[in-house]
file run.csv (CSV, C-alpha atoms and all ligand atoms)
chain,number,residue,atom,x,y,z
A,1,MET,CA,-30.0,5.3,-12.1
A,2,GLN,CA,-29.4,4.1,-8.5
A,3,VAL,CA,-26.1,2.5,-7.8
A,4,THR,CA,-25.6,0.8,-4.4
A,5,VAL,CA,-22.0,0.0,-3.3
A,6,LEU,CA,-21.4,-2.7,-0.6
A,7,SER,CA,-17.9,-2.2,0.6
A,8,GLY,CA,-15.6,-4.1,2.9
A,9,ALA,CA,-12.1,-3.7,4.3
A,10,GLY,CA,-10.5,-4.3,0.9
A,11,ILE,CA,-11.6,-0.9,-0.4
A,12,SER,CA,-9.5,0.8,2.3
A,13,ALA,CA,-6.5,-1.6,1.7
A,14,GLU,CA,-4.9,0.7,-0.8
A,15,SER,CA,-5.1,3.5,1.7
A,16,GLY,CA,-2.8,1.5,3.9
A,17,VAL,CA,-5.6,0.3,6.3
A,18,PRO,CA,-5.1,-3.4,7.1
A,19,THR,CA,-8.0,-5.8,6.2
A,20,PHE,CA,-9.2,-8.5,8.5
A,21,ARG,CA,-8.5,-11.7,6.7
A,22,ASP,CA,-5.7,-11.2,4.3
A,23,ALA,CA,-3.2,-13.9,5.1
A,24,GLU,CA,-0.1,-12.0,6.2
A,25,THR,CA,-1.4,-8.4,6.7
A,26,GLY,CA,-4.9,-9.1,8.0
A,27,LEU,CA,-5.8,-7.8,11.5
A,28,TRP,CA,-7.1,-11.2,12.5
A,29,ALA,CA,-3.6,-12.6,11.8
A,30,LYS,CA,-2.3,-10.5,14.7
A,31,VAL,CA,-5.1,-10.6,17.3
A,32,ASP,CA,-7.8,-13.0,18.3
A,33,PRO,CA,-11.0,-11.5,16.8
A,34,TYR,CA,-13.1,-12.9,19.6
A,35,GLU,CA,-10.8,-11.5,22.3
A,36,ILE,CA,-10.7,-8.1,20.8
A,37,SER,CA,-14.0,-7.7,19.0
A,38,SER,CA,-16.7,-9.3,21.1
A,39,SER,CA,-18.7,-8.3,24.1
A,40,ASP,CA,-17.2,-11.1,26.1
A,41,GLY,CA,-13.7,-9.8,25.2
A,42,TRP,CA,-14.8,-6.3,26.3
A,43,LYS,CA,-16.1,-7.6,29.6
A,44,ALA,CA,-12.9,-9.6,30.2
A,45,ASN,CA,-10.4,-6.8,29.3
A,46,PRO,CA,-11.9,-3.4,28.4
A,47,GLU,CA,-8.5,-1.8,28.6
A,48,LYS,CA,-7.1,-4.1,26.0
A,49,VAL,CA,-10.1,-3.6,23.7
A,50,TRP,CA,-9.9,0.1,24.1
A,51,ALA,CA,-6.2,0.3,23.2
A,52,TRP,CA,-6.9,-1.7,20.0
A,53,TYR,CA,-9.8,0.5,18.8
A,54,LEU,CA,-8.1,3.7,19.9
A,55,TRP,CA,-5.0,2.8,17.9
A,56,ARG,CA,-7.2,2.2,14.8
A,57,HIS,CA,-9.1,5.5,15.5
A,58,TYR,CA,-5.9,7.5,15.6
A,59,MET,CA,-4.4,5.6,12.7
A,60,MET,CA,-7.2,7.1,10.5
A,61,GLY,CA,-5.5,10.5,10.9
A,62,SER,CA,-2.5,9.3,8.9
A,63,VAL,CA,-4.4,7.7,5.9
A,64,ARG,CA,-6.4,9.1,3.1
A,65,PRO,CA,-9.2,8.0,0.8
A,66,ASN,CA,-7.8,6.2,-2.3
A,67,ASN,CA,-9.0,6.3,-5.9
A,68,GLY,CA,-11.6,3.6,-5.1
A,69,HIS,CA,-13.3,5.8,-2.5
A,70,LEU,CA,-12.9,8.9,-4.7
A,71,ALA,CA,-14.5,7.1,-7.7
A,72,VAL,CA,-17.5,6.1,-5.6
A,73,ALA,CA,-17.9,9.7,-4.5
A,74,ASP,CA,-17.5,10.9,-8.1
A,75,TRP,CA,-20.4,8.6,-9.3
A,76,GLN,CA,-22.7,10.9,-7.4
A,77,ASP,CA,-22.5,13.3,-10.3
A,78,TYR,CA,-24.1,10.7,-12.6
A,79,ALA,CA,-26.3,8.5,-10.4
A,80,ASP,CA,-28.1,8.3,-7.0
A,81,VAL,CA,-25.3,6.5,-5.1
A,82,HIS,CA,-25.8,4.7,-1.7
A,83,VAL,CA,-22.8,3.3,0.1
A,84,VAL,CA,-23.4,0.3,2.5
A,85,THR,CA,-20.2,-0.3,4.3
A,86,GLN,CA,-18.9,-2.9,6.8
A,87,ASN,CA,-16.0,-0.6,7.4
A,88,VAL,CA,-15.7,1.4,10.6
A,89,ASP,CA,-13.3,3.9,9.0
A,90,ASN,CA,-14.5,7.3,7.6
A,91,LEU,CA,-12.8,7.1,4.2
A,92,HIS,CA,-16.0,7.1,2.2
A,93,GLU,CA,-17.2,10.3,3.9
A,94,ARG,CA,-13.8,11.9,3.5
A,95,ALA,CA,-13.8,11.1,-0.2
A,96,GLY,CA,-17.2,12.9,-0.5
A,97,SER,CA,-19.8,10.2,-0.4
A,98,LYS,CA,-23.0,11.5,1.1
A,99,ASN,CA,-25.2,8.4,1.7
A,100,VAL,CA,-23.0,6.1,3.8
A,101,TYR,CA,-24.6,3.5,6.0
A,102,HIS,CA,-22.2,1.9,8.6
A,103,LEU,CA,-23.5,-1.7,9.2
A,104,HIS,CA,-20.7,-2.4,11.7
A,105,GLY,CA,-20.5,1.0,13.4
A,106,SER,CA,-17.7,3.5,13.4
A,107,LEU,CA,-14.4,4.3,15.0
A,108,PHE,CA,-15.6,7.8,15.4
A,109,GLU,CA,-18.5,7.2,17.6
A,110,PHE,CA,-18.5,6.1,21.3
A,111,ARG,CA,-21.2,5.2,23.8
A,112,CYS,CA,-21.7,4.1,27.4
A,113,ASP,CA,-21.8,0.3,27.8
A,114,TYR,CA,-24.4,0.7,30.5
A,115,CYS,CA,-26.8,3.5,29.8
A,116,GLN,CA,-26.0,3.6,26.0
A,117,SER,CA,-25.7,7.4,25.9
A,118,ALA,CA,-23.5,8.7,23.1
A,119,TYR,CA,-20.1,10.0,24.3
A,120,ASP,CA,-18.4,12.9,22.6
A,121,GLY,CA,-16.0,13.8,25.4
A,122,GLU,CA,-12.2,13.7,25.6
A,123,LEU,CA,-10.5,10.6,24.3
A,124,PRO,CA,-7.3,9.3,26.0
A,125,ALA,CA,-4.1,10.3,24.2
A,126,MET,CA,-2.1,7.6,22.4
A,127,PRO,CA,1.3,8.9,21.2
A,128,GLU,CA,2.2,5.3,20.3
A,129,PRO,CA,0.4,1.9,20.2
A,130,VAL,CA,0.1,0.5,23.7
A,131,GLU,CA,-1.4,-2.8,25.1
A,132,THR,CA,-4.0,-1.2,27.4
A,133,VAL,CA,-5.8,2.1,27.8
A,134,ASP,CA,-8.3,2.9,30.6
A,135,PRO,CA,-11.7,3.6,29.1
A,136,PRO,CA,-13.3,6.9,29.9
A,137,GLN,CA,-16.2,6.6,32.4
A,138,CYS,CA,-19.8,7.7,31.9
A,139,PRO,CA,-21.4,9.8,34.6
A,140,CYS,CA,-23.7,6.9,35.2
A,141,GLY,CA,-20.7,4.8,36.2
A,142,GLY,CA,-20.6,2.7,33.0
A,143,LEU,CA,-17.6,2.4,30.7
A,144,ILE,CA,-17.3,4.2,27.4
A,145,ARG,CA,-17.0,1.7,24.5
A,146,PRO,CA,-16.4,2.1,20.8
A,147,ASN,CA,-19.7,2.3,18.8
A,148,VAL,CA,-18.6,-0.7,16.7
A,149,VAL,CA,-20.6,-3.9,16.2
A,150,TRP,CA,-18.9,-6.8,17.9
A,151,PHE,CA,-19.3,-10.4,17.0
A,152,GLY,CA,-22.7,-11.7,18.2
A,153,GLU,CA,-24.1,-8.1,18.5
A,154,ALA,CA,-27.1,-6.8,16.5
A,155,LEU,CA,-26.5,-4.4,13.7
A,156,PRO,CA,-27.7,-0.8,14.1
A,157,GLU,CA,-31.4,-1.0,13.1
A,158,ASP,CA,-31.4,2.3,11.2
A,159,ALA,CA,-28.3,1.5,9.2
A,160,TRP,CA,-29.6,-2.0,8.4
A,161,GLN,CA,-33.0,-0.7,7.2
A,162,ARG,CA,-31.4,2.0,5.0
A,163,SER,CA,-29.0,-0.7,3.6
A,164,VAL,CA,-31.9,-3.1,2.7
A,165,SER,CA,-33.7,-0.2,1.0
A,166,ALA,CA,-30.6,0.8,-0.8
A,167,VAL,CA,-30.2,-2.8,-2.1
A,168,THR,CA,-33.8,-3.4,-3.0
A,169,GLY,CA,-34.1,0.0,-4.8
A,170,ALA,CA,-30.8,-0.3,-6.7
A,171,ASP,CA,-30.5,-0.7,-10.5
A,172,ILE,CA,-27.1,-2.2,-9.8
A,173,VAL,CA,-25.1,-3.4,-6.7
A,174,ILE,CA,-21.4,-3.2,-6.7
A,175,VAL,CA,-19.7,-5.4,-4.0
A,176,VAL,CA,-16.1,-4.3,-3.4
A,177,GLY,CA,-13.4,-5.4,-1.1
A,178,THR,CA,-15.3,-7.9,1.1
A,179,SER,CA,-14.8,-11.6,1.7
A,180,SER,CA,-18.6,-11.9,1.7
A,181,ILE,CA,-18.6,-14.4,4.6
A,182,VAL,CA,-20.0,-12.3,7.5
A,183,TYR,CA,-23.8,-12.2,7.7
A,184,PRO,CA,-26.2,-10.4,7.7
A,185,ALA,CA,-24.1,-8.0,5.5
A,186,ALA,CA,-23.1,-10.9,3.1
A,187,GLY,CA,-26.8,-11.6,2.6
A,188,LEU,CA,-27.4,-8.2,0.9
A,189,PRO,CA,-26.0,-9.2,-2.5
A,190,GLU,CA,-28.1,-12.4,-2.4
A,191,LEU,CA,-31.1,-10.2,-1.8
A,192,ALA,CA,-30.2,-8.1,-4.8
A,193,LEU,CA,-29.8,-11.2,-7.0
A,194,ALA,CA,-33.1,-12.6,-5.8
A,195,ASN,CA,-34.7,-9.4,-6.9
A,196,GLY,CA,-33.1,-9.7,-10.4
A,197,THR,CA,-30.7,-6.8,-9.7
A,198,ALA,CA,-27.3,-7.1,-11.3
A,199,VAL,CA,-24.4,-7.6,-8.8
A,200,VAL,CA,-20.8,-6.8,-9.8
A,201,GLU,CA,-18.0,-8.1,-7.6
A,202,VAL,CA,-14.8,-6.2,-7.5
A,203,ASN,CA,-12.1,-8.2,-5.7
A,204,PRO,CA,-8.6,-9.5,-6.7
A,205,GLU,CA,-9.5,-12.8,-5.0
A,206,PRO,CA,-12.5,-15.1,-5.4
A,207,THR,CA,-15.2,-15.2,-2.7
A,208,PRO,CA,-18.3,-17.2,-1.9
A,209,LEU,CA,-20.2,-14.5,-3.9
A,210,SER,CA,-18.1,-14.8,-7.1
A,211,GLU,CA,-20.0,-17.7,-8.7
A,212,ALA,CA,-23.5,-16.1,-8.2
A,213,ALA,CA,-22.4,-12.6,-9.1
A,214,THR,CA,-23.6,-11.2,-12.5
A,215,ALA,CA,-20.0,-10.1,-13.3
A,216,VAL,CA,-16.7,-10.3,-11.5
A,217,VAL,CA,-13.8,-7.8,-11.9
A,218,ARG,CA,-10.6,-9.5,-10.6
A,219,GLU,CA,-8.9,-6.2,-9.9
A,220,SER,CA,-8.2,-4.0,-6.9
A,221,ALA,CA,-10.7,-1.3,-5.9
A,222,ALA,CA,-8.4,1.6,-6.8
A,223,THR,CA,-7.8,0.1,-10.2
A,224,ALA,CA,-11.3,-1.0,-11.1
A,225,LEU,CA,-13.6,1.6,-9.6
A,226,PRO,CA,-12.5,4.8,-11.4
A,227,GLY,CA,-13.6,3.4,-14.9
A,228,LEU,CA,-16.2,0.9,-13.7
A,229,LEU,CA,-19.5,2.7,-14.6
A,230,GLN,CA,-18.2,3.1,-18.2
A,231,ARG,CA,-17.4,-0.6,-18.3
A,232,LEU,CA,-20.9,-1.8,-17.1
A,233,PRO,CA,-22.5,-2.2,-20.5
A,234,THR,CA,-19.6,-4.5,-21.5
A,235,LEU,CA,-19.5,-6.3,-18.2
A,236,LEU,CA,-23.2,-6.9,-18.0
A,237,GLY,CA,-23.5,-7.7,-21.7
B,1,LIG,N1,-9.3,-4.1,-3.6
B,1,LIG,C1,-10.4,-4.8,-3.5
B,1,LIG,N2,-10.5,-5.9,-2.6
B,1,LIG,C2,-9.4,-6.2,-1.9
B,1,LIG,C3,-8.2,-5.4,-1.9
B,1,LIG,C4,-8.2,-4.3,-2.8
B,1,LIG,N3,-7.1,-3.6,-2.9
B,1,LIG,N4,-7.3,-6.0,-1.0
B,1,LIG,C5,-8.0,-7.0,-0.4
B,1,LIG,N5,-9.2,-7.1,-1.0
B,1,LIG,C6,-10.2,-8.1,-0.6
B,1,LIG,C7,-9.7,-9.4,-0.1
B,1,LIG,O1,-9.5,-10.3,-1.2
B,1,LIG,C8,-10.9,-9.9,0.7
B,1,LIG,O2,-11.9,-10.6,0.0
B,1,LIG,O3,-11.0,-7.6,0.4
B,1,LIG,C9,-11.5,-8.6,1.2
B,1,LIG,C10,-11.3,-8.3,2.7
B,1,LIG,O4,-12.0,-9.3,3.4
B,1,LIG,P1,-12.0,-9.2,5.0
B,1,LIG,O5,-10.6,-8.9,5.5
B,1,LIG,O6,-12.7,-10.4,5.5
B,1,LIG,O7,-12.8,-7.9,5.3
B,1,LIG,P2,-14.4,-7.7,5.3
B,1,LIG,O8,-15.0,-8.6,4.2
B,1,LIG,O9,-14.7,-6.3,5.3
B,1,LIG,O10,-14.8,-8.3,6.7
B,1,LIG,C11,-16.2,-8.3,7.0
B,1,LIG,O11,-15.7,-9.1,9.3
B,1,LIG,O12,-14.3,-9.2,11.1
B,1,LIG,C12,-15.5,-8.6,10.6
B,1,LIG,O13,-16.5,-6.7,11.3
B,1,LIG,C13,-15.5,-7.1,10.5
B,1,LIG,O14,-16.5,-5.7,8.9
B,1,LIG,C14,-15.7,-6.8,9.1
B,1,LIG,C15,-16.3,-8.1,8.5
call {"tool": "encode", "arguments": {"input": "run.csv", "output": "structure tokens", "more": "lines below"}}
Ligand code: APR
result
Amino acid sequence: MQVTVLSGAGISAESGVPTFRDAETGLWAKVDPYEISSSDGWKANPEKVWAWYLWRHYMMGSVRPNNGHLAVADWQDYADVHVVTQNVDNLHERAGSKNVYHLHGSLFEFRCDYCQSAYDGELPAMPEPVETVDPPQCPCGGLIRPNVVWFGEALPEDAWQRSVSAVTGADIVIVVGTSSIVYPAAGLPELALANGTAVVEVNPEPTPLSEAATAVVRESAATALPGLLQRLPTLLG
């Protein structure tokens, strides 16, 4: 059986990683997403953008995968599991998931904004959150940027192709912890449904996907995912 998981920030919420759009705690409640997560924002103030991503990069050292991530990794003992994630954290990998496709990039990859070469050199230290950090420079003269997909940028082709294959080849798609409003990622469950594949949504709140989903589990990821595979026959009737 092939299980494809499409995850968003909500799966990492119970690890203490803020989501983007949760009213009080969401990251977008604290910063302007277009100022901090767009190529225009980068051009206008690379130091501010760097400080924000570097803080999130280092923050990952103090959080751990939760029972939601761990359950998805455990499913690999029973099924062929593919994880399509919008998250830039590394919690799926740290939980033990092998097939993880980062549609929006990663906090652990960096590249030159001019020649696009990958950068694996020294990162600036950040003993505490600061407003600005000077980006490292590439030998070509460009600035090193996070390898994260910003608003208006194209998704990484390889991750996108693997994600589409993972959805079209799935026997079931489990959509967990995403508001399902950011395309093209949000189009993947629609593709599954159009192919007649069951889609189960795991989210304590309703989303635009809820009505079309085959089944909805109004629970948190860490609560719902550990026993979800066993519940599928009942959920899918
Ligand atoms: N378990 C499951 N779902 C949860 C939990 C939880 N413990 N806590 C919150 N959620 C749900 C919220 O109800 C919401 O629907 O997770 C979702 C988080 O939505 P967003 O904050 O919009 O995050 P996401 O869907 O991943 O955002 C998609 O938008 O800003 C861009 O690039 C960014 O990848 C991100 C994309």
call {"tool": "residues_around", "arguments": {"input": "run.csv", "residues": "A:Val83", "least_positions_apart": "6", "cutoff": "7 Å", "atoms": "all atoms listed in the file", "output": "list in words"}}
result
Thr4, Val5, Leu6, Asn99, Val100 and Tyr101 of chain A
call {"tool": "residues_near_ligand", "arguments": {"input": "run.csv", "ligand": "ligand LIG 1 (chain B)", "cutoff": "9 Å", "atoms": "all atoms listed in the file", "output": "ChimeraX atom specification"}}
result
/A:7-15,18-23,26-28,33,37,68,85-88,103-105,148-151,176-183,185-186,202-207,218-224
call {"tool": "closest_residue", "arguments": {"input": "run.csv", "among": "A:Leu91, A:Ala213, A:Ile36, A:Leu228", "to": "A:Ser62", "atoms": "only C-alpha atoms"}}
result
A:Leu91
call {"tool": "atom_distance", "arguments": {"input": "run.csv", "atom1": "atom CA of A:Ala71", "atom2": "atom CA of A:Ala215"}}
result
18.9 Å
call {"tool": "residues_near_point", "arguments": {"input": "run.csv", "point": "(-29.5, -4.5, -8.8)", "cutoff": "9 Å", "atoms": "all atoms listed in the file", "output": "JSON, numbers by chain"}}
result
{"A": [2, 3, 4, 167, 168, 169, 170, 171, 172, 173, 174, 189, 192, 193, 195, 196, 197, 198, 199]}
call {"tool": "atom_distance", "arguments": {"input": "run.csv", "atom1": "atom CA of A:Asp134", "atom2": "atom CA of A:Lys30"}}
result
21.6 Å
call {"tool": "residues_around", "arguments": {"input": "run.csv", "residues": "A:Val130", "least_positions_apart": "4", "cutoff": "9 Å", "atoms": "only C-alpha atoms", "output": "MDAnalysis selection string"}}
result
chainID A and resid 48 51:52 55 126
call {"tool": "write_last_selection", "arguments": {"input": "run.csv", "atoms": "C-alpha atoms", "output": "PDB file, keeping the file's coordinate frame"}}
result
ATOM      1  CA  LYS A  48      -7.100  -4.100  26.000  1.00  0.00           C
ATOM      2  CA  ALA A  51      -6.200   0.300  23.200  1.00  0.00           C
ATOM      3  CA  TRP A  52      -6.900  -1.700  20.000  1.00  0.00           C
ATOM      4  CA  TRP A  55      -5.000   2.800  17.900  1.00  0.00           C
ATOM      5  CA  MET A 126      -2.100   7.600  22.400  1.00  0.00           C
TER       6      MET A 126
END
call {"tool": "closest_residue", "arguments": {"input": "run.csv", "among": "A:Cys138, A:Leu54, A:Leu235, A:Met1", "to": "A:Cys115", "atoms": "all atoms listed in the file"}}
result
A:Cys138
call {"tool": "closest_residue", "arguments": {"input": "run.csv", "among": "A:Val133, A:Leu188, A:Val217, A:Ala73", "to": "A:Arg162", "atoms": "all atoms listed in the file"}}
result
A:Leu188
call {"tool": "decode", "arguments": {"input": "run.csv", "residues": "stretch 127-140 of chain A", "atoms": "N, CA, C and O atoms", "output": "PDB file, in the first residue's frame"}}
result
ATOM      1  N   PRO A 127      23.658  34.142  18.969  1.00  0.00           N
ATOM      2  CA  PRO A 127      23.388  33.763  20.373  1.00  0.00           C
ATOM      3  C   PRO A 127      21.976  34.150  20.833  1.00  0.00           C
ATOM      4  O   PRO A 127      21.392  33.476  21.640  1.00  0.00           O
ATOM      5  N   GLU A 128      21.420  35.219  20.262  1.00  0.00           N
ATOM      6  CA  GLU A 128      20.007  35.523  20.558  1.00  0.00           C
ATOM      7  C   GLU A 128      19.410  36.198  19.339  1.00  0.00           C
ATOM      8  O   GLU A 128      20.142  36.696  18.475  1.00  0.00           O
ATOM      9  N   PRO A 129      18.053  36.148  19.241  1.00  0.00           N
ATOM     10  CA  PRO A 129      17.417  36.739  18.048  1.00  0.00           C
ATOM     11  C   PRO A 129      17.816  38.211  17.890  1.00  0.00           C
ATOM     12  O   PRO A 129      17.810  38.969  18.861  1.00  0.00           O
ATOM     13  N   VAL A 130      18.216  38.571  16.689  1.00  0.00           N
ATOM     14  CA  VAL A 130      18.559  39.985  16.412  1.00  0.00           C
ATOM     15  C   VAL A 130      17.785  40.433  15.167  1.00  0.00           C
ATOM     16  O   VAL A 130      17.256  39.613  14.427  1.00  0.00           O
ATOM     17  N   GLU A 131      17.751  41.720  14.945  1.00  0.00           N
ATOM     18  CA  GLU A 131      16.977  42.280  13.836  1.00  0.00           C
ATOM     19  C   GLU A 131      17.653  42.038  12.480  1.00  0.00           C
ATOM     20  O   GLU A 131      16.994  41.807  11.476  1.00  0.00           O
ATOM     21  N   THR A 132      18.997  42.164  12.468  1.00  0.00           N
ATOM     22  CA  THR A 132      19.702  42.026  11.173  1.00  0.00           C
ATOM     23  C   THR A 132      20.981  41.197  11.348  1.00  0.00           C
ATOM     24  O   THR A 132      21.618  41.236  12.404  1.00  0.00           O
ATOM     25  N   VAL A 133      21.307  40.468  10.280  1.00  0.00           N
ATOM     26  CA  VAL A 133      22.554  39.685  10.242  1.00  0.00           C
ATOM     27  C   VAL A 133      23.125  39.837   8.834  1.00  0.00           C
ATOM     28  O   VAL A 133      22.376  39.710   7.851  1.00  0.00           O
ATOM     29  N   ASP A 134      24.433  40.141   8.726  1.00  0.00           N
ATOM     30  CA  ASP A 134      25.021  40.268   7.388  1.00  0.00           C
ATOM     31  C   ASP A 134      25.094  38.894   6.725  1.00  0.00           C
ATOM     32  O   ASP A 134      25.703  37.981   7.303  1.00  0.00           O
ATOM     33  N   PRO A 135      24.513  38.751   5.536  1.00  0.00           N
ATOM     34  CA  PRO A 135      24.590  37.459   4.843  1.00  0.00           C
ATOM     35  C   PRO A 135      26.031  37.140   4.458  1.00  0.00           C
ATOM     36  O   PRO A 135      26.800  38.059   4.131  1.00  0.00           O
ATOM     37  N   PRO A 136      26.424  35.864   4.484  1.00  0.00           N
ATOM     38  CA  PRO A 136      27.737  35.487   3.950  1.00  0.00           C
ATOM     39  C   PRO A 136      27.790  35.845   2.458  1.00  0.00           C
ATOM     40  O   PRO A 136      26.748  35.995   1.817  1.00  0.00           O
ATOM     41  N   GLN A 137      29.007  36.004   1.962  1.00  0.00           N
ATOM     42  CA  GLN A 137      29.169  36.352   0.536  1.00  0.00           C
ATOM     43  C   GLN A 137      29.702  35.155  -0.236  1.00  0.00           C
ATOM     44  O   GLN A 137      30.501  34.370   0.268  1.00  0.00           O
ATOM     45  N   CYS A 138      29.236  35.046  -1.456  1.00  0.00           N
ATOM     46  CA  CYS A 138      29.716  33.998  -2.358  1.00  0.00           C
ATOM     47  C   CYS A 138      31.013  34.505  -3.009  1.00  0.00           C
ATOM     48  O   CYS A 138      31.141  35.718  -3.255  1.00  0.00           O
ATOM     49  N   PRO A 139      31.958  33.608  -3.350  1.00  0.00           N
ATOM     50  CA  PRO A 139      33.164  34.076  -4.057  1.00  0.00           C
ATOM     51  C   PRO A 139      32.830  34.873  -5.327  1.00  0.00           C
ATOM     52  O   PRO A 139      33.584  35.746  -5.727  1.00  0.00           O
ATOM     53  N   CYS A 140      31.661  34.607  -5.910  1.00  0.00           N
ATOM     54  CA  CYS A 140      31.297  35.327  -7.163  1.00  0.00           C
ATOM     55  C   CYS A 140      30.852  36.751  -6.834  1.00  0.00           C
ATOM     56  O   CYS A 140      30.624  37.560  -7.741  1.00  0.00           O
TER      57      CYS A 140
END
